[in-house]
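Enquirer: Got a structure for you, written out below as structure tokens; questions coming shortly.
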Amino acid sequence: MQTLIGQIDRIIYQNNGFFIAALKGGDKISAHYYESDVDNLKDAAVTLKGSWEEHRQYGRTFKAHTIIINQNELFFFLNRVVKGFTKKLTAELIEKYGTEGLIEILDNDIERLKTLKGMSEKRLLKLSTGWKQFRSMRALGEFLAPFGVTPALLRLIAEAMKEIKNPIEAIKNNPYGLMRINGIGFKKADEIALNMGLKTDDERRIGAAMEYTLSEYCDAEGNSCIDKSTLFAKLDLLVELGDHRAYEEALDDRLREGSITLLPSSKLSPRRIYEAETLLIEEFKRRGKNTHDVLSEDLDPFLSAHELKLGEQQREALELINRGCGLILLVGYAGTGKSTTAKALLDLLSSRHEPSLIMTCALSGIASQRIRERSGYQSSTIQSLLVRFESHDVMPYKVVLIDEASMINSLLFARLMAKIDRDAIVIVVGDDAQLPPIGAGSPLSDAIALNLAPTVMLTQIYRQSPDQAIALIANDVRRGIIPDYQHEYEDFTFLNIDLPNRYALKNSLSSTEFDDVIKTLSHNTLAAIADVTLRYLPESREKLEAKQIREYLSAFQVISPMKGNTLGVDNLNLILQEYFNPNPKKKIKTFKGEFRLMDKVVHTKNDNLPSTTPEEFKEGSEATERRIFNGMCGLIFRLDEEEELCYVYYPNEELIVHYKYDQISDYLNLSYALSVHKVQGMEYERVVMVMSFSHHIMLNTKLLYTALTRAKKHCIVVGESGAFESACRRLEHTKRFTVMQELSN
């Protein structure tokens with residue numbers, strides 16, 4: 001990659017952040033820029049990294065992969081790192097006082113800024129606090145700049161290390177500590193470390209690579225233990241040493257210090273996951289015994305009083321709890337009456353325990369809301385419960401129902417179980433036909449397979465009417481059976497966008513010709529999705545106009561198996577944004593595209609961010625840091641251009657999160673279209689599922705079953721019938737290597 005330094009003379013062409021410009025020396029460049037309007041780059045000094053190419057219209061052009069604006073160092077620091085300094089305010093201050101003069105004022109006489117128009121006491125306090133907090137970080141930028149650290153990356157590092165007394169020394173001692181910062185992985189930390197002069201066989205590098213490899217294999221791939229040979233092979237790919245002696249030494253160090261555990265089978269597990277899954281085995285076995293008093297000598301009066309007509313399987317669950325069982329696994333497929341059974345169990349237990357001592361919970365806010373509405377008992381997200389009782393040994397509840405348990409990974413499940421009172425009754429509700437959890441382990445599936453606790457399997461499907469088929473179709477898919485999906489049902493529609501004689505065409509056409517045919521097919525599919533969207537758009541708009549935000553967000557959802565390509569989530573979001581929110585009053589440009597006032601968005605990272613409850617927001621209260629979780633869906637309801645703040649309301653969590661403009665692309669995506677993995681645990685009135693051979697690598701029974709069962713009122717599948725049938729045939733038995741399996745065999 002080559003480097004070109006120059007000053008931009010004029011912008012020749014621009015479109016959605018892409019531009020072609022001429023430098024003062026005459027060279028032409030092309031690049032993407034989303035920090036502000038491209039026109040602002042005129043006369044800016046820039047450093048470009050990329051390569052020369054021959055442009056068919058503009059001739060020899062330097063195509064930049066990265067562009068760094070060589071702006072005033074204090075301007076960058078105040079605007080990008082210190083809280084409260086917007087671009088407009090920062091520019092005004094530097095122009096008025098100069099760099100050194102402004103530093104003197106901020107250090108010793110910040111009250112002088114009161115004379116500025118619009119400077120309130122509250123804002124001045126925010127600027128003062130931000131300056132004091134981050135002033136020591138200015139040297140960090142000067143230290144890291146020679147090692148290829150971009151302004152955005154410096155902001156990330158400065159924010160994460162603000163509490164460390166001497167961050168520069170910490171990085172010098174071990175630059176791989178940077179990889180623990182959210183958004184910086186091993187590869188970026190490794191690039192910085194090698195630029196600093198560390199040798200490729202440095203023990204710090206090998207140790208960090210081992211930590212990263214284990215984390216990726218477990219957290220990203222879902223396993224909780226690994227063979228040593230697999231670990232070393234992955235290390236070879238990452239650090240390219242091929243010296244297993246260095247790996248052995250690093251592994252021995254970690255086994256001695258206890259960060260990695262050696263299992264009896266010789267597999268290796270990160271200590272934190274080993275401890276989590278060991279706790280789960282013990283808790284499932286201990287709690288699953290009959291240690292509680294019998295609730296009722298005869299269940300029939302209870303069933304009669306509650307007008308319950310339960311099937312044999314549903315009644316079995318009640319009998320287990322009635323006899324005094326401390327934990328049951330209630331596993332049910334789509335349409336088998338899990339919610340009815342769960343409510344009956346809670347009602348039975350409420351004959352002994354006050355409703356205030358009964359808690360239901362789920363991973364997502366929408367699932368928590370759903371169980372509250374259907375059961376009538378209090379509910380919370382798992383994360384909110386853990387935060388609420390962080391300083392307590394245990395939670396005060398005597399009954400805890402955990403819903404959508406198939407989504408919960410080992411670490412989170414263990415944290416929750418450790419907080420539940422020893423003598424509380426636990427009901428674990430889930431559907432192991434869905435996609436496995438994001439993160440290490442598969443606790444529900446393991447507990448069922450290993451028979452760790454009493455389990456009731458609900459398999460009988462209860463239909464409301466003959467024309468309702470989602471549950472039947474989903475359960476056929478689960479078993480690898482191609483359902484009668486072409487029939488028109490009240491709640492299920494398949495819109496065929498097929499390519500007749502696909503394989504014959506592929507064999508008879510050139511690759512270029514066949515690609516053109518596939519492009520046409522994709523555009524026909526998009527047109528069909530657009531037609532469906534237009535049909536139901538008025539329903540959604542009515543909810544938004546009535547300020548029914550929760551209902552608006554769950555009224556209509558497009559789902560796709562993948563993010564990329566024409567029919568992927570990213571492109572669908574751009575198209576659907578034009579239908580749902582075509583003429584916004586305000587918008588902001590980022591490298592991901594536009595975020596508009598009243599856009600549907602999804603939060604994408606677990607992190608602590610400033611937020612308020614709706615009541616606090618109305619009262620003008622100061623935002624407080626709260627844990628905001630990946631997968632939360634909300635609405636951009638305010639863009640404050642003066643303060644450069646974006647406000648997103650998350651109705652299921654009853655929170656308003658405050659994002660700085662330059663944080664938007666780090667934390668938010670549009671959510672008009674979402675991946676199947678993102679919608680697990682969610683429920684929508686209408687779901688449109690994209691079905692295409694272009695997603696073939698992702699298509700299987702678990703993914704399709706999960707997608708179909710997200711629809712409450714109507715599921716519309718749009719695409720190729722061959723791809724749908726292929727997904728039905730591809731039985732997915734998720735194989736994860738877990739500590740629970742290893743220790744229970």
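By order of appearance in the structure tokens: chains A, B, ..., then residues from 1 within every chain, and ligands from 1 in the order shown.
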Skip Met632 in chain A itself and residues of its chain fewer than 2 positions away, then list as an MDAnalysis selection string all residues within 6 Å of it, counting only C-alpha atoms.
Expert: chainID A and resid 602:603 630
Enquirer: Can you write just those residues out, N, CA and C atoms, as a compact mmCIF listing (two decimals), in the first residue's frame?
Expert:
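Result file is selection_7.txt:
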# COMPACT_ATOMS: atom_id res chain seq x y z
N VAL A 602 -31.17 -0.67 15.53
CA VAL A 602 -30.81 -1.72 16.48
C VAL A 602 -29.43 -1.40 17.05
N HIS A 603 -29.29 -1.55 18.36
CA HIS A 603 -27.99 -1.36 19.03
C HIS A 603 -27.16 -2.63 18.82
N ASN A 630 -26.53 -5.46 23.03
CA ASN A 630 -26.63 -5.85 21.63
C ASN A 630 -28.02 -6.44 21.35
Enquirer: Using DSSP on the backbone, list every residue of range 281-366 of chain A that comes out as helix (DSSP H, G or I), and give them as a PyMOL selection string.
Expert: chain A and resi 281-287+300-305+312-322+338-349+355-357+365-366
Enquirer: If you run DSSP on the backbone here, which positions in range 361-407 of chain A get strand (DSSP E or B)? Please write them as a list in words.
Expert: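 Checking each residue of range 361-407 of chain A, the strand (DSSP E or B) ones are Cys361, Ala362, Ser379, Ser380, Thr381, Val399, Val400, Leu401 and Ile402 of chain A.
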Enquirer: Which of these, A:Thr512, A:Gly98, A:Lys547, A:Thr336, has the shortest distance to Gln460 in chain A once you count only C-alpha atoms?
Expert: A:Thr336
Enquirer: So which one's closest to Lys519 in chain A, A:Ile206, A:Arg315, A:Tyr13, A:Ser694? Using only C-alpha atoms, please.
Expert: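 Checking each of A:Ile206, A:Arg315, A:Tyr13, A:Ser694 against Lys519 in chain A, counting only C-alpha atoms, the winner is A:Ser694.
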Enquirer: Which of these residues is nearest to Leu329 in chain A, using only C-alpha atoms: A:Pro355, A:Glu622, A:Ala64, A:Leu458?
Expert: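 Among the listed residues, A:Leu458 lies closest to Leu329 in chain A.
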Enquirer: What separation in Å, quoted to one decimal, exists between CA of Lys563 in chain A and CA of Lys49 in chain A?
Expert: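 Taking CA of Lys563 in chain A as the start and CA of Lys49 in chain A as the end point, the length is 27.3 Å.
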Enquirer: Record the distance separating CA of His306 in chain A and CA of Ile461 in chain A, expressed in Å with one decimal.
Expert: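 CA of His306 in chain A sits 21.3 Å away from CA of Ile461 in chain A.
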Enquirer: Let me make sure I understand: among A:Tyr33, A:Trp131, A:Phe284, A:Tyr503, which one has the smallest atom-to-atom distance to Gly326 in chain A if we use only C-alpha atoms?
Expert: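 Residue with the minimum atom-to-atom distance to Gly326 in chain A: A:Phe284.
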Enquirer: From the list A:Ala145, A:Ile656, A:Leu156, A:Ile664, which residue is nearest Met196 in chain A when using only C-alpha atoms?
Expert: A:Ala145
Enquirer: Can you build me a table of range 199-296 of chain A residues sitting at most 12 Å from range 342-351 of chain A, with the closest atom pair per residue and its distance in Å to one decimal, using only C-alpha atoms, sorted by chain and residue number, as JSON lines?
Expert:
{"residue": "A:His292", "atom": "CA", "partner": "A:Leu349", "partner_atom": "CA", "distance": 11.4}
{"residue": "A:Asp293", "atom": "CA", "partner": "A:Leu349", "partner_atom": "CA", "distance": 11.3}
{"residue": "A:Val294", "atom": "CA", "partner": "A:Leu349", "partner_atom": "CA", "distance": 10.6}
{"residue": "A:Leu295", "atom": "CA", "partner": "A:Leu349", "partner_atom": "CA", "distance": 7.7}
{"residue": "A:Ser296", "atom": "CA", "partner": "A:Leu348", "partner_atom": "CA", "distance": 9.0}
Enquirer: Give me, as CSV, each residue of range 264-361 of chain A that comes within 12 Å of range 402-419 of chain A, together with its shortest interatomic pair and the distance in Å at one decimal, counting only C-alpha atoms, with rows ordered by chain and rising residue number.
Expert:
residue,atom,partner,partner_atom,distance
A:Pro270,CA,A:Leu411,CA,11.3
A:Arg271,CA,A:Leu411,CA,11.1
A:Arg272,CA,A:Leu411,CA,7.7
A:Ile273,CA,A:Leu411,CA,6.3
A:Tyr274,CA,A:Leu411,CA,9.3
A:Glu275,CA,A:Ala414,CA,8.7
A:Ala276,CA,A:Ala414,CA,5.2
A:Glu277,CA,A:Ser410,CA,6.1
A:Thr278,CA,A:Ala414,CA,8.9
A:Leu279,CA,A:Ala414,CA,6.5
A:Leu280,CA,A:Ala414,CA,5.9
A:Ile281,CA,A:Ala414,CA,9.7
A:Glu282,CA,A:Met417,CA,10.5
A:Glu283,CA,A:Met417,CA,7.4
A:Phe284,CA,A:Met417,CA,9.2
A:Arg286,CA,A:Met417,CA,11.8
A:Arg287,CA,A:Met417,CA,10.3
A:Leu327,CA,A:Ile402,CA,10.9
A:Ile328,CA,A:Ile402,CA,10.6
A:Leu329,CA,A:Ala405,CA,9.4
A:Leu330,CA,A:Asp403,CA,9.5
A:Val331,CA,A:Ala405,CA,9.3
A:Gly332,CA,A:Glu404,CA,10.4
A:Tyr333,CA,A:Glu404,CA,11.4
A:Lys338,CA,A:Asp403,CA,9.7
A:Ser339,CA,A:Asp403,CA,9.4
A:Ala342,CA,A:Asp403,CA,9.1
A:Lys343,CA,A:Asp403,CA,11.6
A:Leu346,CA,A:Ile402,CA,11.8
A:Ile358,CA,A:Ile402,CA,11.3
A:Met359,CA,A:Ile402,CA,8.7
A:Thr360,CA,A:Ile402,CA,6.0
A:Cys361,CA,A:Ile402,CA,5.2
Enquirer: In Å, how far is it from CA of Val400 in chain A to CA of Glu683 in chain A?
Expert: 22.2 Å
Enquirer: Hey, what's within 7 Å of Tyr212 in chain A if we count only C-alpha atoms and toss same-chain stuff fewer than 4 positions away? As a list in words, please?
Expert: Phe186, Ala208 and Glu216 of chain A
Enquirer: Produce a file of the selected residues containing N, CA and C atoms, as a CSV table (one decimal), in the first residue's frame.
Expert:
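New file again.csv:
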chain,number,residue,atom,x,y,z
A,186,PHE,N,-7.3,-8.6,18.2
A,186,PHE,CA,-5.8,-9.0,18.2
A,186,PHE,C,-5.1,-8.4,17.1
A,208,ALA,N,-1.0,-13.3,23.9
A,208,ALA,CA,-2.2,-12.6,23.5
A,208,ALA,C,-2.9,-13.3,22.3
A,216,GLU,N,-12.1,-16.4,20.4
A,216,GLU,CA,-12.9,-16.6,19.1
A,216,GLU,C,-13.5,-17.9,19.0
Enquirer: Pick from A:Thr200, A:Thr604, A:Ser128, A:Gln434: nearest to Ile103 in chain A, with only C-alpha atoms counted?
Expert: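 Under the stated criterion, the closest residue is A:Ser128.
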Enquirer: As number ranges by chain, please: the residues near Leu385 in chain A (cut-off 9 Å, only C-alpha atoms, same-chain neighbours under 4 positions excluded).
Expert: A: 361, 380-381, 389-390, 395, 416
Enquirer: Can I get the selection written as a short mmCIF file (atom, residue, chain, number, x, y, z; two decimals), in the first residue's frame, with N, CA, C and O atoms?
Expert:
data_model
loop_
_atom_site.label_atom_id
_atom_site.label_comp_id
_atom_site.auth_asym_id
_atom_site.auth_seq_id
_atom_site.Cartn_x
_atom_site.Cartn_y
_atom_site.Cartn_z
N CYS A 361 -38.36 -13.85 33.54
CA CYS A 361 -37.30 -13.10 32.87
C CYS A 361 -36.96 -13.74 31.52
O CYS A 361 -37.26 -14.91 31.27
N SER A 380 -38.70 -9.11 33.71
CA SER A 380 -37.54 -8.25 33.51
C SER A 380 -36.60 -8.94 32.54
O SER A 380 -36.69 -10.15 32.33
N THR A 381 -35.70 -8.17 31.94
CA THR A 381 -34.63 -8.83 31.19
C THR A 381 -33.63 -9.41 32.19
O THR A 381 -33.50 -8.92 33.32
N PHE A 389 -29.58 -6.46 41.18
CA PHE A 389 -29.18 -7.18 42.40
C PHE A 389 -27.67 -7.47 42.44
O PHE A 389 -27.23 -8.41 43.09
N GLU A 390 -26.92 -6.61 41.75
CA GLU A 390 -25.47 -6.79 41.69
C GLU A 390 -24.84 -6.79 43.08
O GLU A 390 -23.93 -7.57 43.37
N MET A 395 -31.16 -12.96 44.74
CA MET A 395 -32.40 -12.21 44.50
C MET A 395 -33.47 -12.68 45.49
O MET A 395 -33.42 -13.81 45.96
N LEU A 416 -26.91 -15.95 36.19
CA LEU A 416 -28.30 -15.89 36.63
C LEU A 416 -28.58 -16.94 37.70
O LEU A 416 -29.16 -16.63 38.76
#
Enquirer: Which range 517-610 of chain A residues have any atom within 12 Å of an atom of range 720-742 of chain A, and for each, what is the nearest pair of atoms with distance in Å to one decimal, counting only C-alpha atoms, rows sorted by chain and number, as a tab-separated table?
Expert:
residue	atom	partner	partner_atom	distance
A:Ile518	CA	A:Glu720	CA	11.5
A:Leu521	CA	A:Glu720	CA	9.3
A:Ser522	CA	A:Glu720	CA	10.1
A:Asn524	CA	A:Glu720	CA	11.0
A:Thr525	CA	A:Glu720	CA	8.8
A:Ala528	CA	A:Glu720	CA	11.9
A:Pro561	CA	A:Ala727	CA	11.4
Enquirer: Just to be explicit: take each residue in the selection above, keep C-alpha atoms, and write the result as an mmCIF file, in the first residue's frame.
Expert:
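Okay, this is what ended up in selection.cif:
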data_model
loop_
_atom_site.group_PDB
_atom_site.id
_atom_site.type_symbol
_atom_site.label_atom_id
_atom_site.label_comp_id
_atom_site.auth_asym_id
_atom_site.auth_seq_id
_atom_site.Cartn_x
_atom_site.Cartn_y
_atom_site.Cartn_z
ATOM 1 C CA ILE A 518 -29.284 -13.933 -11.057
ATOM 2 C CA LEU A 521 -33.930 -12.581 -10.143
ATOM 3 C CA SER A 522 -32.664 -10.619 -7.120
ATOM 4 C CA ASN A 524 -37.562 -9.257 -8.964
ATOM 5 C CA THR A 525 -37.370 -10.477 -5.353
ATOM 6 C CA ALA A 528 -41.932 -8.352 -4.480
ATOM 7 C CA PRO A 561 -30.216 -14.889 6.584
#
Enquirer: Env of Ala91 in chain A: 12 Å cut, atoms = only C-alpha atoms, seq-sep filter 2 positions within chain, self excluded. Answer as a list in words.
Expert: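 Here the answer would be Gln71, Asn72, Glu73, Leu74, Phe75, Phe76, Phe77, Leu78, Asn79, Phe85, Thr86, Lys87, Lys88, Leu89, Leu93, Ile94, Glu95, Lys96, Tyr97, Gly98, Thr99 and Leu102 of chain A.
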